[in-house]
Each structure stands twice: as structure tokens, then as C-alpha cells.
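First up is the structure itself, then whatever we jot down about it.
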Amino acid sequence: KYERQYFMPPKFEYDWVKKDYVDAPPIWCSVDLRDGNQALIEPMSLDEKLEFFQLLVDVGFKEIEVGFPAASETEYQFMRTLIEKDMIPDDVTVQVLTQAREHIIKRTFEAVQGAPHAVIHVYNSTSVAQREQVFKKDKEQVKQIAIDGAKLLKQLADQTEGNFTFEYSPESFSGTEVDYAVDVCNAVLDVWQPTKDKKVIINIPTTVENAMPHVFAGQVEYVDKNLKYRDGVVLSLHPHNDRGCGVATAEMGILAGADRIEGTLFGNGERTGNVDIVTLALNMFSQGVDPGLDFTDIPKIREIYERLTRMHVYERQPYAGDLVFTAFSGSHQDAIAKGMAWREAEERDHWTVPYLPIDPKDIGRTYDKDVIRINSQSGKGGVSYILKQNFGISVPKEMREEVGYMVKDVSDKAHKELTPDWVYHIFEDHYVNY
Ligand code: KIV
Ligand code: ZN
């Protein structure tokens with residue numbers, strides 16, 4: 001049945017340090033306004049992009065890819081507006097994407113004229129498939145595209161007012177022979193001649209994610225060890241999520257030597273998306289590492305994101321989804337209630353509550369709405385918790401089972417979740433108005 005052969009990534013022996021977790025944040029770069037935006041059914045308007053940009057600044061991103069100025073008038077005008085209205089904070093670097101083609105690079109430099117500090121991100125596709133099918137060029141010819149692009153960037157940066165850093169991506173790296181991709185990157189580096197005081201960015205994209213995370217990490221290790229001018233290079237990763245492993249890929253890639261991650265809020269982006277920076281950052285937070293990004297008000301960030309992108313954050317999206325801290329089932333509710341009580345009694349600083357990976361309050365979520373909710377699966381602990389928290393009613397221990405069964409029976413028959421008010425009315429009908 002399944003006879004087709006798909007691309008198999010090359011093998012590498014990797015010996016990167018196997019740490020248990022990422023112990024320091026990478027440099028974060030948001031590509032929401034470019035990769036995220038280009039994958040939307042309705043791309044954002046200029047005003048929407050401005051509001052999203054402000055959100056990214058407020059979250060604490062210091063590097064933001066704001067668009068592909070040569071792609072459309074909105075993209076071009078967005079870049080001009082940021083510069084002309086002086087909207088880029090001093091500690092934020094904006095980044096723009098361009099293909100390694102002369103007229104596109106030229107138009108890009110027109111867009112960034114006068115930028116206080118901008119990264120010019122140039123790419124060309126290097127994969128076997130694109131070389132053979134799209135460009136019909138051999139390896140040397142494709143390498144030459146990258147070299148010519150790198151030269152033109154250098155020349156135009158010298159002639160354009162502003163302060164520029166260069167970035168190169170061998171696009172479709174994940175479908176490219178790794179040694180060849182490194183060879184192309186090194187040829188670009190030979191043009192740019194970076195030093196530790198004048199760094200450039202080499203960005204490794206899993207344009208289409210097709211390898212297991214540990215295999216990709218092996219590739220990152222190879223790149224890390226074989227790039228020339230390594231002291232002058234920021235090694236960046238740009239994971240996509242086609243196999244659903246974007247977060248694992250990024251985490252293992254950092255352990256394997258990467259310095260920087262490009263991704264988006266909630267994993268928006270082409271196809272299955274870019275790596276989700278919210279999850280990556282909060283994974284670090286859950287392991288005691290300050291990610292350097294402020295996600296203390298996830299509901300607000302999510303509201304702005306959903307409104308501007310017209311996308312929906314999935315109910316089970318890590319940290320941000322409606323149901324990710326929710327316990328409906330009796331045994332989970334009971335364990336959470338006991339864990340909370342134990343923690344208070346023992347005065348523990350560190351988080352120990354069963355079933356909750358972090359304290360939802362740390363990211364702006366609430367216990368009432370997000371944690372204990374009542375349906376036919378719930379138990380006595382959850383029902384008593386709702387009555388106590390919302391209405392100050394302490395159900396005596398001896399009555400809890402009876403009250404619990406009575407309430408969940410109503411939910412079972414109605415086949416509905418019960419709001420706290422509904423739980424109260426059931427209680428009231430039975431014990432107060434009886
Ligand atoms: O996914 C990709 O390869 C890209 C490049 C342009 C970096 O978005
Ligand atoms: Zn991408």
C-alpha cells in the first residue's frame with residue numbers, strides 16, 4: 001500500500017552534551033509579521049501589523065522580522081512607517097526578508113533606508129528538489145546565487161543610510177545535503193568576513209520538517225563545528241512543524257549549539273506553522289529558567305493574536321489553550337485540591353501540585369475559569385471546591401459524596417457542563433429550599 005519513497009535525511013553521529021533541559025534562553029526572533037503573516041488567509045493590514053508589532057515589543061522581543069518589503073505595497077509601507085514615524089525602540093532590531101535576486105534586494109534596501117538598525121535576511125533555496133525541479137541548476141550555480149546575493153548586500157549596505165546586519169538562510173536546508181549547505185554558508189561568510197565585533201547570522205531552516213529532532217540536532221552540531229568564522233556567526237534555527245516536532249527540534253537544536261531561534265506566537269506560520277515561541281519559553285520557565293520574554297498575561301496576548309490574525313488558539317495548545325489546565329475528572333480534581341492545600345500547609349516555594357505543570361496564575365490564568373470545572377466526570381472534591389470558592393459554602397466532609405453525586409447526576413442527564421451558578425442552584429434547591 002505504502003510504496004512511495006520519501007526523502008531520508010542523511011545520518012550524523014552527534015556527541016553534543018546531553019543536558020536535561022535548556023538552561024539559558026537563546027536570542028529570540030519573532031517572525032510573526034513575516035512567516036506568520038504570509039500564511040494567513042487574510043494577511044494583516046498595515047494598522048494590524050503596527051498593533052502586532054507593539055505586542056511583540058511589549059512581550060520583550062529584541063529582534064523582529066517585520067516583513068518582506070519587496071513582496072507587496074503594504075509590506076513596503078509598513079517598513080517605511082516604522083522608520084519614518086520613529087516607532088522602533090532603541091533596543092529593538094527589525095529584520096526584513098529578501099530573496100537573493102538583484103531587483104528584490106535593491107527594493108529591500110529602498111525600504112530600509114534610514115533604519116536605526118536592521119537585519120537584512122537574504123535566502124536562496126539549496127535543496128536537491130529545488131535545484132533539480134525548480135531552478136534546474138547544479139550545486140555550483142546555486143552556490144553562486146548565494147554568493148552574488150551576499151556581495152550585493154554588502155555593496156548596498158555601504159551605499160545606504162542606516163545600520164545593517166546580514167543574515168543568510170540556505171532555504172530548504174532540511175532537504176539539502178548538510179555538507180553542501182555548510183559549503184554554501186561558508187562561501188557567503190567568505191564574502192561577509194564577519195568578526196566577533198561585527199557578527200552575521202547564519203539561519204538554518206527546517207523549511208519542511210522531515211527529520212526526527214535528534215537527527216536535526218546532529219545536523220546542527222555538524223554546522224556548528226564546520227562553519228568558518230564561527231566567532232563572528234550567530235547560529236540561528238528556523239524550525240517549522242510539519243512532523244509536529246518544532247518545539248523538540250528547537251530545544252534539541254539549542255542543546256546542539258544554536259544561539260538563536262526564529263519562531264512565532266502560538267506557532268502560526270506556513271502549513272503546520274513555525275515553532276511556537278510561547279511553548280518554548282514557558283517550557284524553560286517551567287524548569288526554572290527565565291526565558292526573557294513576558295508571558296505573564298497569556299489571555300491578553302491571545303486575545304490580540306486571535307483578533308489580528310483571525311486564527312484560533314486550539315483548546316489543547318500548551319499553556320494557552322482553554323482546556324490545558326482544566327480538570328473535569330473527579331480524581332484529578334481531588335488531587336489538585338489536596339495538592340493546593342498541602343502546598344499552603346507546608347509553605348512550599350516550588351510548585352508541586354499534581355496535574356498542573358505550572359501555576360496557571362503565573363501566566364495570568366484563573367482557577368475559577370481554567371482549572372476546576374464540573375461535568376458528569378467530576379467528583380465530590382471539585383463540587384465542594386466550586387461551592388466554597390464561589391459561594392463561601394463549606395460542605396461538611398460527611399456530605400461531600402452525596403452532594404457530589406447529586407450534582408454530577410444532573411450534568412449526566414443534561415449532558416452539559418455545569419456553571420458554578422448552576423451547581424449552586426442544584427445545591428440550593430436540595431438543601432436550602434427543600
Ligand atoms: O522556512 C523557511 O525556510 C523560511 C526562510 C525564508 C528562512 O521561512
Ligand atoms: Zn519559514
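Scheme for the C-alpha cells: letters A, B, ... for chains in order shown; per-chain residue numbers from 1; ligand numbers from 1 in order shown.
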* Give the residue list for ligand 1 at 8 Å, counting only C-alpha atoms and all ligand atoms, as a ChimeraX atom specification, sorted by chain and then by residue number. => /A:35,97,99,122-124,169-173,203-208,238-240,270,274
Keeping N, CA, C and O atoms, export the residues of the selection given above as a PDB file, in the first residue's frame.
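Output file part-v2.pdb is given in full below:
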```pdb
ATOM      1  N   ASP A  35       6.695  35.312   8.319  1.00  0.00           N
ATOM      2  CA  ASP A  35       6.302  33.923   8.027  1.00  0.00           C
ATOM      3  C   ASP A  35       4.869  33.675   8.508  1.00  0.00           C
ATOM      4  O   ASP A  35       4.058  33.040   7.823  1.00  0.00           O
ATOM      5  N   LEU A  97      13.102  40.330   5.041  1.00  0.00           N
ATOM      6  CA  LEU A  97      13.492  39.171   4.234  1.00  0.00           C
ATOM      7  C   LEU A  97      13.568  39.549   2.757  1.00  0.00           C
ATOM      8  O   LEU A  97      12.741  40.321   2.255  1.00  0.00           O
ATOM      9  N   GLN A  99      14.709  37.617  -1.202  1.00  0.00           N
ATOM     10  CA  GLN A  99      15.354  36.550  -1.986  1.00  0.00           C
ATOM     11  C   GLN A  99      16.685  37.072  -2.503  1.00  0.00           C
ATOM     12  O   GLN A  99      16.867  38.281  -2.636  1.00  0.00           O
ATOM     13  N   VAL A 122      18.819  37.452   3.717  1.00  0.00           N
ATOM     14  CA  VAL A 122      18.779  37.009   2.320  1.00  0.00           C
ATOM     15  C   VAL A 122      18.780  35.487   2.266  1.00  0.00           C
ATOM     16  O   VAL A 122      19.420  34.834   3.090  1.00  0.00           O
ATOM     17  N   TYR A 123      18.019  34.932   1.321  1.00  0.00           N
ATOM     18  CA  TYR A 123      17.971  33.469   1.228  1.00  0.00           C
ATOM     19  C   TYR A 123      17.908  33.021  -0.223  1.00  0.00           C
ATOM     20  O   TYR A 123      17.484  33.773  -1.105  1.00  0.00           O
ATOM     21  N   ASN A 124      18.383  31.798  -0.438  1.00  0.00           N
ATOM     22  CA  ASN A 124      18.056  31.100  -1.677  1.00  0.00           C
ATOM     23  C   ASN A 124      17.912  29.619  -1.346  1.00  0.00           C
ATOM     24  O   ASN A 124      18.432  29.137  -0.339  1.00  0.00           O
ATOM     25  N   SER A 169      20.092  32.498   4.878  1.00  0.00           N
ATOM     26  CA  SER A 169      19.444  31.196   5.084  1.00  0.00           C
ATOM     27  C   SER A 169      19.586  30.342   3.841  1.00  0.00           C
ATOM     28  O   SER A 169      19.155  30.761   2.747  1.00  0.00           O
ATOM     29  N   PRO A 170      20.154  29.117   3.988  1.00  0.00           N
ATOM     30  CA  PRO A 170      20.032  28.152   2.895  1.00  0.00           C
ATOM     31  C   PRO A 170      18.624  27.568   2.986  1.00  0.00           C
ATOM     32  O   PRO A 170      18.389  26.600   3.712  1.00  0.00           O
ATOM     33  N   GLU A 171      17.685  28.217   2.295  1.00  0.00           N
ATOM     34  CA  GLU A 171      16.287  27.789   2.419  1.00  0.00           C
ATOM     35  C   GLU A 171      16.159  26.343   1.965  1.00  0.00           C
ATOM     36  O   GLU A 171      16.902  25.901   1.088  1.00  0.00           O
ATOM     37  N   SER A 172      15.251  25.622   2.554  1.00  0.00           N
ATOM     38  CA  SER A 172      15.049  24.179   2.337  1.00  0.00           C
ATOM     39  C   SER A 172      16.294  23.381   2.764  1.00  0.00           C
ATOM     40  O   SER A 172      16.599  22.332   2.195  1.00  0.00           O
ATOM     41  N   PHE A 173      16.955  23.881   3.796  1.00  0.00           N
ATOM     42  CA  PHE A 173      18.104  23.170   4.381  1.00  0.00           C
ATOM     43  C   PHE A 173      17.729  21.719   4.677  1.00  0.00           C
ATOM     44  O   PHE A 173      18.539  20.801   4.484  1.00  0.00           O
ATOM     45  N   ASN A 203      21.276  31.231   9.389  1.00  0.00           N
ATOM     46  CA  ASN A 203      19.989  30.716   9.857  1.00  0.00           C
ATOM     47  C   ASN A 203      19.673  29.387   9.162  1.00  0.00           C
ATOM     48  O   ASN A 203      19.675  29.308   7.937  1.00  0.00           O
ATOM     49  N   ILE A 204      19.425  28.365   9.975  1.00  0.00           N
ATOM     50  CA  ILE A 204      19.202  27.022   9.433  1.00  0.00           C
ATOM     51  C   ILE A 204      17.718  26.685   9.530  1.00  0.00           C
ATOM     52  O   ILE A 204      17.205  26.430  10.627  1.00  0.00           O
ATOM     53  N   PRO A 205      17.017  26.695   8.406  1.00  0.00           N
ATOM     54  CA  PRO A 205      15.581  26.415   8.474  1.00  0.00           C
ATOM     55  C   PRO A 205      15.245  24.936   8.228  1.00  0.00           C
ATOM     56  O   PRO A 205      15.831  24.303   7.358  1.00  0.00           O
ATOM     57  N   THR A 206      14.309  24.421   9.024  1.00  0.00           N
ATOM     58  CA  THR A 206      13.680  23.166   8.594  1.00  0.00           C
ATOM     59  C   THR A 206      12.451  23.626   7.795  1.00  0.00           C
ATOM     60  O   THR A 206      11.331  23.561   8.278  1.00  0.00           O
ATOM     61  N   THR A 207      12.717  24.111   6.614  1.00  0.00           N
ATOM     62  CA  THR A 207      11.657  24.712   5.786  1.00  0.00           C
ATOM     63  C   THR A 207      10.460  23.773   5.710  1.00  0.00           C
ATOM     64  O   THR A 207       9.311  24.168   5.866  1.00  0.00           O
ATOM     65  N   VAL A 208      10.759  22.479   5.453  1.00  0.00           N
ATOM     66  CA  VAL A 208       9.764  21.419   5.654  1.00  0.00           C
ATOM     67  C   VAL A 208      10.411  20.447   6.640  1.00  0.00           C
ATOM     68  O   VAL A 208      11.457  19.860   6.347  1.00  0.00           O
ATOM     69  N   HIS A 238      15.437  27.929  12.436  1.00  0.00           N
ATOM     70  CA  HIS A 238      14.123  28.397  11.991  1.00  0.00           C
ATOM     71  C   HIS A 238      13.256  27.146  11.805  1.00  0.00           C
ATOM     72  O   HIS A 238      13.020  26.717  10.678  1.00  0.00           O
ATOM     73  N   PRO A 239      12.804  26.553  12.912  1.00  0.00           N
ATOM     74  CA  PRO A 239      12.078  25.290  12.766  1.00  0.00           C
ATOM     75  C   PRO A 239      10.633  25.477  12.324  1.00  0.00           C
ATOM     76  O   PRO A 239       9.930  26.345  12.834  1.00  0.00           O
ATOM     77  N   HIS A 240      10.220  24.640  11.377  1.00  0.00           N
ATOM     78  CA  HIS A 240       8.785  24.512  11.075  1.00  0.00           C
ATOM     79  C   HIS A 240       8.299  23.243  11.760  1.00  0.00           C
ATOM     80  O   HIS A 240       9.052  22.562  12.478  1.00  0.00           O
ATOM     81  N   GLU A 270       3.663  29.068   7.943  1.00  0.00           N
ATOM     82  CA  GLU A 270       3.356  28.235   6.775  1.00  0.00           C
ATOM     83  C   GLU A 270       2.954  26.795   7.172  1.00  0.00           C
ATOM     84  O   GLU A 270       3.585  26.191   8.034  1.00  0.00           O
ATOM     85  N   ASN A 274       5.291  27.704  12.188  1.00  0.00           N
ATOM     86  CA  ASN A 274       6.671  27.840  12.689  1.00  0.00           C
ATOM     87  C   ASN A 274       6.678  27.320  14.123  1.00  0.00           C
ATOM     88  O   ASN A 274       5.631  27.083  14.717  1.00  0.00           O
TER      89      ASN A 274
END
```
* To do: Just the residues within 7 Å of Asp322 (chain A), please, counting only C-alpha atoms, with nothing from its chain fewer than 5 positions along; format it as a PyMOL selection string.
  => chain A and resi 315-316+370
Only C-alpha atoms, please: the residues just picked out, written as a compact mmCIF listing (two decimals), in the first residue's frame.
```txt
# COMPACT_ATOMS: atom_id res chain seq x y z
CA GLU A 315 -8.17 24.28 23.17
CA ARG A 316 -5.23 21.99 23.92
CA ASP A 370 -9.40 27.47 33.99
```
* Which neighbours of Glu262 (chain A) fall inside 12 Å, counting only C-alpha atoms, when residues of the same chain fewer than 4 positions from it are skipped, and could you give them as JSON, numbers by chain? -> {"A": [26, 27, 28, 29, 30, 31, 32, 33, 34, 35, 36, 61, 62, 63, 64, 65, 95, 169, 201, 202, 203, 204, 205, 206, 207, 235, 236, 237, 238, 239, 240, 246, 247, 250, 254, 258, 267, 268, 269, 273, 274, 275, 276, 277, 278, 280]}
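Closest approach to Phe427 (chain A) among A:Arg310, A:Lys369, A:Ala414, A:Met406 is made by A:Met406 (distances from only C-alpha atoms).
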* To do: Select, from A:Leu82, A:Leu153, A:Ala115, A:Ala256, the residue with the minimum atom-to-atom distance to Thr98 (chain A), counting only C-alpha atoms.
  => A:Leu153
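Residue nearest ligand 2, chosen from A:Gln159, A:Asn283, A:Ser174, A:Gln54 and counting only C-alpha atoms and all ligand atoms: A:Ser174.
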* To do: Could you tell me which of A:Lys408, A:Glu48, A:Asp421, A:Ser376 comes closest to Phe391 (chain A) if we count only C-alpha atoms?
  => A:Asp421
* Taking the chain letters and numbering used in this document, name the residues of region 106-151 of chain A that DSSP puts in strand (DSSP E or B), as a list in words. =>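 For region 106-151 of chain A, the strand (DSSP E or B) set is Ala115, Pro116, His117, Ala118, Val119, Ile120, His121, Val122, Tyr123, Asn124 and Ser125 of chain A.
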Go ahead and write the residues just picked, N, CA and C atoms, as a PDB file, in the first residue's frame.
```
ATOM      1  N   ALA A 115      17.018  53.144   8.518  1.00  0.00           N
ATOM      2  CA  ALA A 115      16.678  52.322   9.700  1.00  0.00           C
ATOM      3  C   ALA A 115      17.782  52.450  10.755  1.00  0.00           C
ATOM      4  N   PRO A 116      17.379  52.629  12.029  1.00  0.00           N
ATOM      5  CA  PRO A 116      18.426  52.754  13.054  1.00  0.00           C
ATOM      6  C   PRO A 116      19.273  51.490  13.139  1.00  0.00           C
ATOM      7  N   HIS A 117      18.636  50.339  13.001  1.00  0.00           N
ATOM      8  CA  HIS A 117      19.368  49.077  12.948  1.00  0.00           C
ATOM      9  C   HIS A 117      18.457  48.024  12.332  1.00  0.00           C
ATOM     10  N   ALA A 118      18.881  47.440  11.230  1.00  0.00           N
ATOM     11  CA  ALA A 118      18.038  46.428  10.590  1.00  0.00           C
ATOM     12  C   ALA A 118      18.889  45.235  10.172  1.00  0.00           C
ATOM     13  N   VAL A 119      18.290  44.046  10.284  1.00  0.00           N
ATOM     14  CA  VAL A 119      18.919  42.838   9.742  1.00  0.00           C
ATOM     15  C   VAL A 119      18.363  42.626   8.340  1.00  0.00           C
ATOM     16  N   ILE A 120      19.249  42.470   7.376  1.00  0.00           N
ATOM     17  CA  ILE A 120      18.809  42.142   6.012  1.00  0.00           C
ATOM     18  C   ILE A 120      19.015  40.635   5.861  1.00  0.00           C
ATOM     19  N   HIS A 121      17.909  39.946   5.717  1.00  0.00           N
ATOM     20  CA  HIS A 121      17.914  38.484   5.706  1.00  0.00           C
ATOM     21  C   HIS A 121      17.742  37.993   4.263  1.00  0.00           C
ATOM     22  N   VAL A 122      18.819  37.452   3.717  1.00  0.00           N
ATOM     23  CA  VAL A 122      18.779  37.009   2.320  1.00  0.00           C
ATOM     24  C   VAL A 122      18.780  35.487   2.266  1.00  0.00           C
ATOM     25  N   TYR A 123      18.019  34.932   1.321  1.00  0.00           N
ATOM     26  CA  TYR A 123      17.971  33.469   1.228  1.00  0.00           C
ATOM     27  C   TYR A 123      17.908  33.021  -0.223  1.00  0.00           C
ATOM     28  N   ASN A 124      18.383  31.798  -0.438  1.00  0.00           N
ATOM     29  CA  ASN A 124      18.056  31.100  -1.677  1.00  0.00           C
ATOM     30  C   ASN A 124      17.912  29.619  -1.346  1.00  0.00           C
ATOM     31  N   SER A 125      17.180  28.946  -2.182  1.00  0.00           N
ATOM     32  CA  SER A 125      16.867  27.561  -1.892  1.00  0.00           C
ATOM     33  C   SER A 125      17.996  26.654  -2.365  1.00  0.00           C
TER      34      SER A 125
END
```
* So, counting only C-alpha atoms, which residue among A:Lys137, A:Ala100, A:Ala129, A:Thr366 is closest to Val188 (chain A)? -> A:Ala100
* Smallest atom-to-atom distance to Tyr6 (chain A): which of A:Gln193, A:Phe78, A:Asn210, A:Ile147, using only C-alpha atoms? ->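 Answer, going by the shortest atom-to-atom distance: A:Asn210.
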* To do: Apply DSSP to the structure's backbone, then extract all residues of region 115-333 of chain A labelled helix (DSSP H, G or I) and return them as number ranges by chain.
  => A: 128-135, 139-159, 173-175, 178-192, 213-226, 230-232, 246-255, 265-267, 277-286, 298-309, 330-333
